[in-house]
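Structure below is entry-v7.cif: mmCIF, C-alpha atoms and all ligand atoms.
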data_work
loop_
_atom_site.label_atom_id
_atom_site.label_comp_id
_atom_site.auth_asym_id
_atom_site.auth_seq_id
_atom_site.Cartn_x
_atom_site.Cartn_y
_atom_site.Cartn_z
CA ASN B 23 14.83 -2.78 -18.97
CA ALA B 24 13.38 -1.69 -15.63
CA THR B 25 10.01 -2.97 -14.46
CA ILE B 26 8.35 -1.09 -11.60
CA PHE B 27 5.56 -2.91 -9.79
CA SER B 28 3.33 -2.25 -6.80
CA MET B 29 -0.14 -3.14 -5.54
CA ILE B 30 -2.63 -2.07 -2.93
CA GLN B 31 -5.36 -4.11 -1.29
CA PRO B 32 -8.94 -3.10 -2.04
CA THR B 33 -9.89 -3.49 1.62
CA GLY B 34 -11.51 -0.08 2.03
CA LYS B 35 -11.28 3.51 0.93
CA PHE B 36 -7.73 4.79 0.49
CA HIS B 37 -6.37 6.95 3.28
CA LEU B 38 -3.51 9.40 3.77
CA GLY B 39 -1.08 6.56 4.53
CA ASN B 40 -1.93 4.78 1.28
CA TYR B 41 -1.60 8.11 -0.51
CA LEU B 42 1.78 9.17 0.91
CA GLY B 43 3.16 5.66 1.35
CA ALA B 44 2.05 4.27 -2.00
CA VAL B 45 -0.13 5.74 -4.72
CA ARG B 46 1.26 9.31 -4.87
CA VAL B 47 4.74 7.77 -4.98
CA TRP B 48 3.61 5.59 -7.92
CA LYS B 49 2.40 8.71 -9.70
CA ASP B 50 5.68 10.55 -9.05
CA ILE B 51 7.63 7.61 -10.45
CA ALA B 52 5.33 7.28 -13.47
CA ASP B 53 5.77 11.01 -14.20
CA LEU B 54 9.54 10.57 -14.28
CA LYS B 55 9.57 7.51 -16.54
CA ASP B 56 9.35 8.05 -20.23
CA ASP B 57 12.08 5.63 -21.21
CA GLY B 58 10.40 2.32 -21.90
CA THR B 59 10.21 1.30 -18.24
CA THR B 60 7.30 -1.08 -17.69
CA LEU B 61 4.96 0.21 -14.97
CA LEU B 62 2.44 -2.11 -13.32
CA PHE B 63 0.08 -0.92 -10.59
CA GLY B 64 -2.80 -2.97 -9.33
CA THR B 65 -5.26 -3.94 -6.67
CA ALA B 66 -4.10 -6.91 -4.60
CA ASP B 67 -7.59 -8.36 -4.43
CA LEU B 68 -6.35 -11.91 -3.84
CA HIS B 69 -4.46 -10.62 -0.81
CA ALA B 70 -7.56 -8.82 0.41
CA ILE B 71 -9.36 -12.08 1.23
CA THR B 72 -6.64 -13.18 3.68
CA VAL B 73 -8.96 -11.39 6.09
CA PRO B 74 -12.18 -12.93 4.66
CA LYS B 75 -14.71 -10.57 3.12
CA PRO B 76 -18.26 -11.79 3.84
CA ASN B 77 -19.83 -8.68 2.33
CA VAL B 78 -19.29 -9.47 -1.34
CA LYS B 79 -21.13 -6.39 -2.59
CA GLU B 80 -18.92 -4.11 -0.50
CA PHE B 81 -15.78 -5.96 -1.63
CA ARG B 82 -16.79 -5.50 -5.26
CA GLU B 83 -17.30 -1.78 -4.64
CA TYR B 84 -13.92 -1.42 -2.97
CA ARG B 85 -12.26 -3.03 -6.01
CA THR B 86 -13.92 -0.50 -8.31
CA GLU B 87 -13.15 2.39 -5.97
CA ALA B 88 -9.52 1.30 -5.81
CA ILE B 89 -9.17 1.65 -9.60
CA ALA B 90 -10.94 5.05 -9.44
CA SER B 91 -8.57 6.18 -6.67
CA ILE B 92 -5.46 5.07 -8.55
CA LEU B 93 -6.58 7.02 -11.62
CA SER B 94 -7.75 10.04 -9.63
CA ILE B 95 -4.34 10.41 -7.97
CA GLY B 96 -2.95 10.77 -11.47
CA ILE B 97 -1.79 7.41 -12.78
CA ASP B 98 -2.26 7.47 -16.55
CA PRO B 99 -3.51 4.09 -17.82
CA GLU B 100 -1.89 4.83 -21.17
CA LYS B 101 1.50 4.85 -19.45
CA ALA B 102 1.02 2.30 -16.68
CA ILE B 103 -0.72 -1.08 -16.65
CA VAL B 104 -3.55 -0.79 -14.11
CA PHE B 105 -5.33 -4.04 -13.22
CA HIS B 106 -6.87 -6.38 -10.66
CA GLN B 107 -4.51 -9.13 -9.50
CA SER B 108 -7.23 -11.80 -9.59
CA ARG B 109 -7.74 -11.21 -13.33
CA VAL B 110 -4.24 -12.55 -14.03
CA SER B 111 -4.33 -16.18 -12.94
CA GLN B 112 -0.54 -16.62 -13.16
CA HIS B 113 -0.18 -14.82 -9.79
CA ALA B 114 -1.80 -17.76 -8.03
CA GLU B 115 0.11 -20.24 -10.19
CA LEU B 116 3.52 -18.76 -9.37
CA HIS B 117 2.53 -18.54 -5.71
CA TRP B 118 2.18 -22.31 -5.70
CA LEU B 119 5.45 -22.89 -7.52
CA LEU B 120 7.34 -20.62 -5.11
CA SER B 121 5.67 -21.99 -1.99
CA SER B 122 7.89 -25.06 -2.16
CA PHE B 123 10.89 -22.80 -1.62
CA ALA B 124 9.48 -20.74 1.28
CA SER B 125 10.34 -22.01 4.73
CA MET B 126 7.87 -21.94 7.63
CA GLY B 127 10.63 -20.34 9.72
CA SER B 128 10.99 -17.31 7.46
CA LEU B 129 7.20 -16.86 7.25
CA ASN B 130 6.99 -17.22 11.00
CA ARG B 131 9.24 -14.18 11.40
CA MET B 132 6.90 -11.93 9.42
CA THR B 133 4.95 -9.48 11.56
CA GLN B 134 1.85 -8.97 9.43
CA TRP B 135 0.05 -12.25 10.18
CA LYS B 136 0.66 -11.59 13.86
CA SER B 137 -0.82 -8.10 13.78
CA LYS B 138 -3.74 -9.05 11.52
CA SER B 139 -4.69 -12.03 13.67
CA ASN B 140 -4.25 -10.13 16.96
CA ILE B 141 -2.02 -12.84 18.38
CA ASN B 142 -0.39 -11.57 21.54
CA ASP B 143 0.81 -14.78 23.03
CA GLN B 144 2.76 -16.93 20.60
CA SER B 145 2.76 -19.90 22.91
CA ASP B 146 -1.04 -20.04 22.71
CA ASP B 147 -1.40 -23.14 20.50
CA THR B 148 -5.18 -22.84 20.15
CA ALA B 149 -4.93 -19.26 18.85
CA LEU B 150 -2.04 -20.18 16.56
CA GLY B 151 -3.97 -23.18 15.23
CA ALA B 152 -6.80 -20.90 14.13
CA ILE B 153 -4.56 -18.77 11.86
CA LYS B 154 -5.49 -19.34 8.24
CA LEU B 155 -2.96 -20.62 5.74
CA GLY B 156 -3.67 -17.72 3.34
CA LEU B 157 -2.78 -15.07 5.91
CA PHE B 158 0.36 -16.93 6.93
CA ALA B 159 1.46 -17.48 3.32
CA TYR B 160 0.58 -13.92 2.21
CA PRO B 161 4.23 -12.88 1.70
CA VAL B 162 4.78 -15.78 -0.74
CA LEU B 163 1.92 -14.52 -2.90
CA GLN B 164 3.42 -11.03 -2.69
CA ALA B 165 6.79 -12.43 -3.83
CA ALA B 166 5.00 -14.17 -6.70
CA ASP B 167 3.28 -10.90 -7.69
CA ILE B 168 6.63 -9.13 -7.89
CA LEU B 169 8.67 -11.90 -9.52
CA LEU B 170 5.96 -12.78 -12.05
CA TYR B 171 6.84 -9.61 -13.97
CA ARG B 172 10.56 -9.94 -13.16
CA SER B 173 10.15 -6.58 -11.43
CA THR B 174 13.32 -4.63 -10.74
CA HIS B 175 11.86 -1.95 -8.43
CA VAL B 176 9.00 -2.03 -5.92
CA PRO B 177 7.76 1.22 -4.33
CA VAL B 178 6.19 0.58 -0.89
CA GLY B 179 5.75 2.08 2.57
CA ASP B 180 8.20 1.01 5.26
CA ASP B 181 5.77 -1.53 6.78
CA GLN B 182 6.39 -3.65 3.67
CA SER B 183 10.22 -3.80 3.83
CA GLN B 184 10.18 -7.20 5.50
CA HIS B 185 8.10 -8.71 2.69
CA LEU B 186 10.47 -7.35 0.07
CA GLU B 187 13.38 -8.94 1.90
CA LEU B 188 11.58 -12.29 1.74
CA THR B 189 10.96 -11.77 -1.98
CA ARG B 190 14.69 -11.30 -2.58
CA GLN B 191 15.39 -14.37 -0.45
CA LEU B 192 12.95 -16.47 -2.51
CA SER B 193 14.37 -15.16 -5.76
CA ASN B 194 17.84 -16.09 -4.58
CA THR B 195 16.81 -19.56 -3.37
CA PHE B 196 15.03 -20.34 -6.66
CA ASN B 197 17.92 -19.06 -8.79
CA ALA B 198 20.51 -20.99 -6.76
CA PHE B 199 18.44 -24.20 -6.80
CA TYR B 200 17.99 -24.20 -10.59
CA LYS B 201 21.36 -22.59 -11.33
CA THR B 202 19.68 -19.77 -13.20
CA LYS B 203 19.62 -15.98 -13.08
CA TYR B 204 16.00 -15.82 -14.20
CA PHE B 205 14.54 -13.87 -11.30
CA PRO B 206 15.96 -10.42 -10.52
CA MET B 207 16.74 -9.06 -7.04
CA PRO B 208 14.01 -6.42 -6.82
CA THR B 209 15.04 -3.14 -5.17
CA THR B 210 12.74 -1.59 -2.57
CA ILE B 211 11.88 2.04 -3.28
CA LEU B 212 10.90 3.29 0.16
CA ALA B 213 8.28 6.04 0.26
CA PRO B 214 9.87 9.32 1.40
CA THR B 215 7.22 9.82 4.10
CA LYS B 216 7.41 7.93 7.38
CA LYS B 217 4.42 5.80 8.36
CA ILE B 218 1.20 7.78 8.93
CA LEU B 219 -0.42 6.92 12.25
CA SER B 220 -4.00 6.68 13.46
CA LEU B 221 -5.50 10.02 14.54
CA SER B 222 -7.04 8.56 17.67
CA ASN B 223 -4.20 6.24 18.63
CA PRO B 224 -0.84 7.41 17.32
CA GLU B 225 0.75 4.14 18.48
CA LYS B 226 -1.02 2.35 15.61
CA LYS B 227 -0.69 2.92 11.87
CA MET B 228 -3.52 4.48 9.92
CA SER B 229 -5.36 1.55 8.33
CA LYS B 230 -8.16 1.13 5.79
CA SER B 231 -9.84 -1.50 7.88
CA ASP B 232 -9.78 0.51 11.13
CA LEU B 233 -13.33 0.34 12.47
CA ASN B 234 -12.97 3.75 14.06
CA GLN B 235 -13.56 6.05 11.08
CA LYS B 236 -12.43 9.08 13.09
CA SER B 237 -8.90 7.64 13.15
CA VAL B 238 -8.54 7.72 9.42
CA ILE B 239 -8.53 10.51 6.84
CA TYR B 240 -9.73 9.04 3.56
CA ILE B 241 -8.49 10.74 0.43
CA THR B 242 -12.12 11.17 -0.62
CA ASP B 243 -13.21 12.89 2.62
CA ALA B 244 -15.02 16.19 2.07
CA PRO B 245 -13.39 19.36 3.54
CA ASP B 246 -15.80 19.55 6.51
CA VAL B 247 -15.15 15.87 7.34
CA ILE B 248 -11.38 16.46 7.22
CA ALA B 249 -11.79 19.50 9.50
CA LYS B 250 -13.82 17.48 12.02
CA LYS B 251 -11.38 14.57 12.06
CA VAL B 252 -8.31 16.79 12.47
CA LYS B 253 -10.07 18.72 15.25
CA ARG B 254 -10.70 15.47 17.13
CA ALA B 255 -7.21 14.06 16.54
CA VAL B 256 -5.52 13.09 19.80
CA THR B 257 -2.69 15.52 20.54
CA ASP B 258 -1.46 16.82 23.91
CA SER B 259 -1.78 19.83 26.16
CA ILE B 260 1.67 21.31 25.52
CA SER B 261 0.83 24.67 24.01
CA GLU B 262 2.76 27.63 22.66
CA SER B 263 4.95 25.69 20.24
CA PHE B 264 4.64 22.73 17.90
CA TYR B 265 7.63 20.55 17.14
CA TYR B 266 8.44 16.98 16.12
CA ASP B 267 8.99 14.66 19.08
CA PRO B 268 7.42 11.25 18.33
CA VAL B 269 8.17 9.86 21.82
CA ASN B 270 6.68 12.63 23.93
CA ARG B 271 4.28 14.18 21.42
CA PRO B 272 3.14 11.33 19.14
CA GLY B 273 -0.11 12.98 17.99
CA ILE B 274 1.48 16.33 17.08
CA SER B 275 4.43 14.53 15.47
CA ASN B 276 2.06 12.46 13.33
CA LEU B 277 0.43 15.64 12.03
CA ILE B 278 3.83 17.25 11.39
CA ASN B 279 4.97 14.12 9.54
CA THR B 280 1.77 14.26 7.47
CA LEU B 281 2.41 17.93 6.60
CA SER B 282 5.98 17.09 5.63
CA GLY B 283 4.73 14.33 3.32
CA VAL B 284 1.96 16.35 1.71
CA GLN B 285 4.07 19.48 1.25
CA ARG B 286 7.16 17.50 0.15
CA VAL B 287 9.42 19.31 2.61
CA SER B 288 11.54 18.12 5.54
CA ILE B 289 10.23 17.92 9.10
CA GLU B 290 12.56 20.83 10.00
CA GLU B 291 11.06 22.89 7.22
CA VAL B 292 7.54 22.23 8.56
CA GLU B 293 8.69 23.19 12.07
CA LYS B 294 9.94 26.50 10.68
CA ASP B 295 6.69 27.10 8.78
CA ILE B 296 4.55 26.57 11.89
CA ARG B 297 6.79 28.49 14.32
CA HIS B 298 4.35 31.39 14.43
CA ILE B 299 1.41 29.15 15.47
CA LYS B 300 0.81 29.26 19.21
CA ASP B 301 -2.33 27.26 19.93
CA HIS B 302 -3.86 23.91 19.01
CA LYS B 303 -6.89 25.39 17.31
CA ASN B 304 -4.79 27.32 14.81
CA PHE B 305 -2.37 24.44 14.33
CA LYS B 306 -5.22 22.08 13.48
CA GLN B 307 -6.78 24.65 11.18
CA TYR B 308 -3.44 24.90 9.35
CA VAL B 309 -3.25 21.11 8.98
CA THR B 310 -6.84 21.05 7.70
CA ASP B 311 -6.16 23.76 5.12
CA VAL B 312 -3.10 21.93 3.79
CA LEU B 313 -4.96 18.62 3.55
CA VAL B 314 -8.05 20.09 1.91
CA ALA B 315 -5.96 21.91 -0.71
CA GLU B 316 -3.99 18.74 -1.47
CA LEU B 317 -6.90 16.30 -1.66
CA THR B 318 -9.62 18.37 -3.36
CA PRO B 319 -8.52 17.86 -7.00
CA SER B 320 -8.22 14.07 -6.67
CA ARG B 321 -11.49 13.84 -4.72
CA GLU B 322 -13.27 15.60 -7.56
CA ARG B 323 -11.66 13.34 -10.14
CA PHE B 324 -12.60 10.30 -8.02
CA HIS B 325 -16.30 11.22 -8.07
CA HIS B 326 -16.10 11.83 -11.78
CA PHE B 327 -14.57 8.36 -12.38
CA MET B 328 -17.12 6.68 -10.11
CA LYS B 329 -19.87 7.97 -12.38
CA ASN B 330 -18.24 6.00 -15.20
CA PRO B 331 -18.01 2.39 -13.97
CA ASP B 332 -17.83 1.11 -17.56
CA TYR B 333 -14.69 3.14 -18.14
CA LEU B 334 -13.11 1.83 -14.92
CA HIS B 335 -13.97 -1.71 -15.96
CA GLN B 336 -12.47 -1.15 -19.40
CA VAL B 337 -9.23 0.25 -17.92
CA SER B 338 -8.76 -2.68 -15.52
CA GLU B 339 -9.65 -5.30 -18.16
CA GLU B 340 -7.26 -3.82 -20.71
CA GLY B 341 -4.64 -3.67 -17.96
CA ALA B 342 -5.26 -7.32 -17.08
CA SER B 343 -4.87 -8.32 -20.68
CA LYS B 344 -1.52 -6.51 -21.01
CA ALA B 345 -0.31 -7.89 -17.65
CA SER B 346 -1.41 -11.43 -18.65
CA GLU B 347 0.71 -11.29 -21.77
CA ILE B 348 3.89 -10.62 -19.74
CA ALA B 349 2.81 -13.05 -17.01
CA GLU B 350 2.19 -15.93 -19.42
CA LYS B 351 5.52 -15.48 -21.16
CA ASN B 352 7.37 -15.42 -17.83
CA ILE B 353 5.56 -18.30 -16.15
CA THR B 354 6.17 -20.45 -19.21
CA GLU B 355 9.88 -19.80 -18.77
CA VAL B 356 9.67 -20.60 -15.03
CA LYS B 357 7.92 -23.89 -15.85
CA ARG B 358 10.54 -24.69 -18.44
CA ILE B 359 13.31 -24.05 -15.87
CA MET B 360 11.50 -26.30 -13.36
CA GLY B 361 10.99 -29.14 -15.80
CA PHE B 362 7.25 -28.87 -16.37
CA LEU B 363 7.67 -28.32 -20.09
N1 LIG B 401 -0.33 4.17 7.58
C1 LIG B 401 0.43 4.07 6.51
N2 LIG B 401 1.47 4.93 6.32
C2 LIG B 401 2.24 4.83 5.21
N3 LIG B 401 2.06 3.91 4.25
C3 LIG B 401 1.04 3.04 4.40
N4 LIG B 401 0.58 2.02 3.63
C4 LIG B 401 -0.50 1.46 4.24
N5 LIG B 401 -0.75 2.08 5.40
C5 LIG B 401 0.18 3.07 5.53
C6 LIG B 401 1.14 1.64 2.34
O1 LIG B 401 0.07 1.47 1.43
C7 LIG B 401 0.39 0.42 0.51
C8 LIG B 401 -0.75 -0.51 0.35
O2 LIG B 401 -1.01 -1.20 1.51
P1 LIG B 401 -1.93 -2.47 1.46
O3 LIG B 401 -3.30 -2.11 1.13
O4 LIG B 401 -1.37 -3.52 0.58
O5 LIG B 401 -1.81 -3.05 2.91
P2 LIG B 401 -1.73 -2.40 4.29
O6 LIG B 401 -0.34 -1.89 4.50
O7 LIG B 401 -2.15 -3.45 5.24
O8 LIG B 401 -2.76 -1.18 4.22
P3 LIG B 401 -3.90 -0.76 5.20
O9 LIG B 401 -4.37 0.55 4.78
O10 LIG B 401 -3.44 -0.89 6.62
O11 LIG B 401 -5.03 -1.78 4.89
P4 LIG B 401 -5.68 -2.89 5.80
O12 LIG B 401 -6.45 -2.15 6.82
O13 LIG B 401 -6.52 -3.70 4.90
O14 LIG B 401 -4.56 -3.68 6.42
C9 LIG B 401 1.68 -0.23 1.00
O15 LIG B 401 2.75 0.18 0.19
C10 LIG B 401 1.83 0.28 2.40
O16 LIG B 401 3.19 0.42 2.76
#
Any chance you could give the structure as structure tokens?
Amino acid sequence: NATIFSMIQPTGKFHLGNYLGAVRVWKDIADLKDDGTTLLFGTADLHAITVPKPNVKEFREYRTEAIASILSIGIDPEKAIVFHQSRVSQHAELHWLLSSFASMGSLNRMTQWKSKSNINDQSDDTALGAIKLGLFAYPVLQAADILLYRSTHVPVGDDQSQHLELTRQLSNTFNAFYKTKYFPMPTTILAPTKKILSLSNPEKKMSKSDLNQKSVIYITDAPDVIAKKVKRAVTDSISESFYYDPVNRPGISNLINTLSGVQRVSIEEVEKDIRHIKDHKNFKQYVTDVLVAELTPSRERFHHFMKNPDYLHQVSEEGASKASEIAEKNITEVKRIMGFL
């Protein structure tokens, strides 16, 4: 039977990239599955501390908001297991067991620890020496998350492809070492939308932890906030027509890509739809209208859920209990294979 698994870090409010690259895709998949497929969606709160979180109160809030966001986008907790990673201790346990099979070389090739630690010069030994083990080993924990449930499919945005490749590598190494077929080769389900970029710097991806709030459209932003952010988005001075050209028109192309994702149509289709628009003001107004219409229902549901913290707690605790049941069964088998039992 298929098991579909994905997580998101509670490192801030969810934005358009998280929506189009992750949670709306989870919802689409969940809507299609009524055939006994196991669905697990969670907050990767253990991953979140790889960039340490000194503000504990804020971190706690982000965890709660993450559950509210997942539900408000339309994941039904009756159909999918929704939980916090840290509430299922077997994630950390399997991370340790798998870490003996993960080579420093393969982790060294991962790009995330480099971008999150702002290392530019890899021959700078002092800077490299300051990198924390948790950030470096992050992909091993992600592999453990996925393999713990013997997941067969993992929906993610394209920035995560590299980590999924490492997961398959670890699964393969473990299976070959113990002459078993216990772990599956999880398939990556790539989100249909290309990466959403920052509004103020379309060279960078849109990120929860971006300090410049104007760069990011949060899925809970009110209509006037969305309008203001889109208005200020960096574009260009080429007027009269709007078309997709990520090299020469990165800002405009990012907005066209966003429209294509939200409206579930191809880039070419969007180009046709906006052919009649001749100036930036009207183009940005069009983008704003599309975003406001898309995000309003989930924003309203989000505020409704946030008024019911007890309900959110109950959902994530029930989810953790269901996830723990699968996790305990599977880790027991892994330990048996490895000779611990
Ligand atoms: N800009 C993006 N465009 C498309 N997809 C994106 N994702 C994140 N940013 C974009 C997808 O969201 C899922 C969850 O990501 P995550 O929270 O585990 O880590 P992240 O990719 O590091 O997300 P952020 O928003 O950039 O958070 P911070 O600022 O904490 O690093 C993944 O499936 C990812 O592909």
* Would you work out the distance separating atom CA of Leu119 of chain B from atom CA of Val356 of chain B, expressed in Å to one decimal? => 8.9 Å
Would you tabulate, counting all atoms listed in the file, all residues of chain B that have an atom at most 7 Å from an atom of ligand LIG 401 (chain B), showing the closest pair of atoms and their distance in Å to one decimal, sorted by chain then ascending number, as a tab-separated table?
residue	atom	partner	partner_atom	distance
B:Met29	CA	B:LIG401	O4	6.3
B:Ile30	CA	B:LIG401	O4	4.0
B:Gln31	CA	B:LIG401	O3	3.8
B:Pro32	CA	B:LIG401	O3	6.5
B:Thr33	CA	B:LIG401	O13	4.7
B:Gly34	CA	B:LIG401	O13	6.8
B:Phe36	CA	B:LIG401	O9	6.9
B:His37	CA	B:LIG401	O9	6.9
B:Gly39	CA	B:LIG401	N2	3.5
B:Asn40	CA	B:LIG401	O1	3.9
B:Leu42	CA	B:LIG401	C2	6.1
B:Gly43	CA	B:LIG401	N3	3.6
B:Ala44	CA	B:LIG401	O15	4.7
B:Ala66	CA	B:LIG401	O4	6.8
B:Ala70	CA	B:LIG401	O13	6.9
B:Pro177	CA	B:LIG401	O15	6.8
B:Val178	CA	B:LIG401	O15	3.6
B:Gly179	CA	B:LIG401	O16	3.1
B:Asp180	CA	B:LIG401	O16	5.6
B:Asp181	CA	B:LIG401	O16	5.2
B:Gln182	CA	B:LIG401	O16	5.3
B:Lys216	CA	B:LIG401	C2	6.4
B:Lys217	CA	B:LIG401	N2	3.7
B:Ile218	CA	B:LIG401	N2	3.9
B:Leu219	CA	B:LIG401	N1	5.4
B:Lys227	CA	B:LIG401	N1	4.5
B:Met228	CA	B:LIG401	N1	4.0
B:Ser229	CA	B:LIG401	O10	3.5
B:Lys230	CA	B:LIG401	O12	3.8
B:Ser231	CA	B:LIG401	O12	3.6
B:Asp232	CA	B:LIG401	O12	6.1
Restricted to C-alpha atoms, what would the selected residues look like written as a JSON list (two decimals), in the frame of the given file?
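This went into selection22.json:
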[["chain", "number", "residue", "atom", "x", "y", "z"],
["B", 29, "MET", "CA", -0.14, -3.14, -5.54],
["B", 30, "ILE", "CA", -2.63, -2.07, -2.93],
["B", 31, "GLN", "CA", -5.36, -4.11, -1.29],
["B", 32, "PRO", "CA", -8.94, -3.10, -2.04],
["B", 33, "THR", "CA", -9.89, -3.49, 1.62],
["B", 34, "GLY", "CA", -11.51, -0.08, 2.03],
["B", 36, "PHE", "CA", -7.73, 4.79, 0.49],
["B", 37, "HIS", "CA", -6.37, 6.95, 3.28],
["B", 39, "GLY", "CA", -1.08, 6.56, 4.53],
["B", 40, "ASN", "CA", -1.93, 4.78, 1.28],
["B", 42, "LEU", "CA", 1.78, 9.17, 0.91],
["B", 43, "GLY", "CA", 3.16, 5.66, 1.35],
["B", 44, "ALA", "CA", 2.05, 4.27, -2.00],
["B", 66, "ALA", "CA", -4.10, -6.91, -4.60],
["B", 70, "ALA", "CA", -7.56, -8.82, 0.41],
["B", 177, "PRO", "CA", 7.76, 1.22, -4.33],
["B", 178, "VAL", "CA", 6.19, 0.58, -0.89],
["B", 179, "GLY", "CA", 5.75, 2.08, 2.57],
["B", 180, "ASP", "CA", 8.20, 1.01, 5.26],
["B", 181, "ASP", "CA", 5.77, -1.53, 6.78],
["B", 182, "GLN", "CA", 6.39, -3.65, 3.67],
["B", 216, "LYS", "CA", 7.41, 7.93, 7.38],
["B", 217, "LYS", "CA", 4.42, 5.80, 8.36],
["B", 218, "ILE", "CA", 1.20, 7.78, 8.93],
["B", 219, "LEU", "CA", -0.42, 6.92, 12.25],
["B", 227, "LYS", "CA", -0.69, 2.92, 11.87],
["B", 228, "MET", "CA", -3.52, 4.48, 9.92],
["B", 229, "SER", "CA", -5.36, 1.55, 8.33],
["B", 230, "LYS", "CA", -8.16, 1.13, 5.79],
["B", 231, "SER", "CA", -9.84, -1.50, 7.88],
["B", 232, "ASP", "CA", -9.78, 0.51, 11.13]]
* Which of these, B:Asn23, B:Thr210, B:Gln191, B:Thr86, has the shortest distance to Val337 of chain B once you count only C-alpha atoms? ->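 Of B:Asn23, B:Thr210, B:Gln191, B:Thr86, the one nearest Val337 of chain B, counting only C-alpha atoms, is B:Thr86.
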Could you list, with a cut-off of 12 Å and counting only C-alpha atoms, the residues of segment 160-213 of chain B near segment 60-65 of chain B, each shown with its nearest atom pair and the distance in Å rounded to one decimal, rows sorted by chain and ascending number, as a tab-separated table?
residue	atom	partner	partner_atom	distance
B:Gln164	CA	B:Thr65	CA	11.9
B:Asp167	CA	B:Gly64	CA	10.1
B:Ile168	CA	B:Leu62	CA	9.8
B:Leu170	CA	B:Leu62	CA	11.3
B:Tyr171	CA	B:Leu62	CA	8.7
B:Arg172	CA	B:Thr60	CA	10.5
B:Ser173	CA	B:Thr60	CA	8.8
B:Thr174	CA	B:Thr60	CA	9.9
B:His175	CA	B:Leu61	CA	9.7
B:Val176	CA	B:Leu62	CA	9.9
B:Pro177	CA	B:Phe63	CA	10.1
B:Val178	CA	B:Phe63	CA	11.6
* Non-local contacts of Ser122 of chain B (12 Å; all atoms listed in the file; under 2 positions in same chain excluded) as an MDAnalysis selection string -> chainID B and resid 116:120 124:126 159 162 192 195:196 199 360
* Which residues come within 12 Å of Leu317 of chain B, counting all atoms listed in the file, excluding same-chain residues fewer than 5 positions away, as a VMD selection string? -> chain B and resid 36 to 38 41 to 42 46 91 94 to 96 239 to 245 248 284 to 285 310 to 312 322 to 324
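Atom pair atom CA of Asp53 of chain B / atom CA of Glu100 of chain B: separated by 12.1 Å.
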* Structure fact -> Using all atoms listed in the file, the best pick from B:Ile26, B:Asp57, B:Thr280, B:Gly341 as closest to Leu169 of chain B would be B:Ile26
* Could you please determine the separation between atom CA of Gly283 of chain B and atom CA of Val314 of chain B in Å, to one decimal place? => 14.1 Å
* Have a look at B:Met328, B:Leu163, B:Ile153, B:Leu281 and name the one nearest to Ser137 of chain B; count only C-alpha atoms. => B:Ile153
* Pick from B:His113, B:Ile92, B:Gly127, B:Ser263: nearest to Arg321 of chain B, with all atoms listed in the file counted? ->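 Of the candidates, the smallest distance to Arg321 of chain B is held by B:Ile92.
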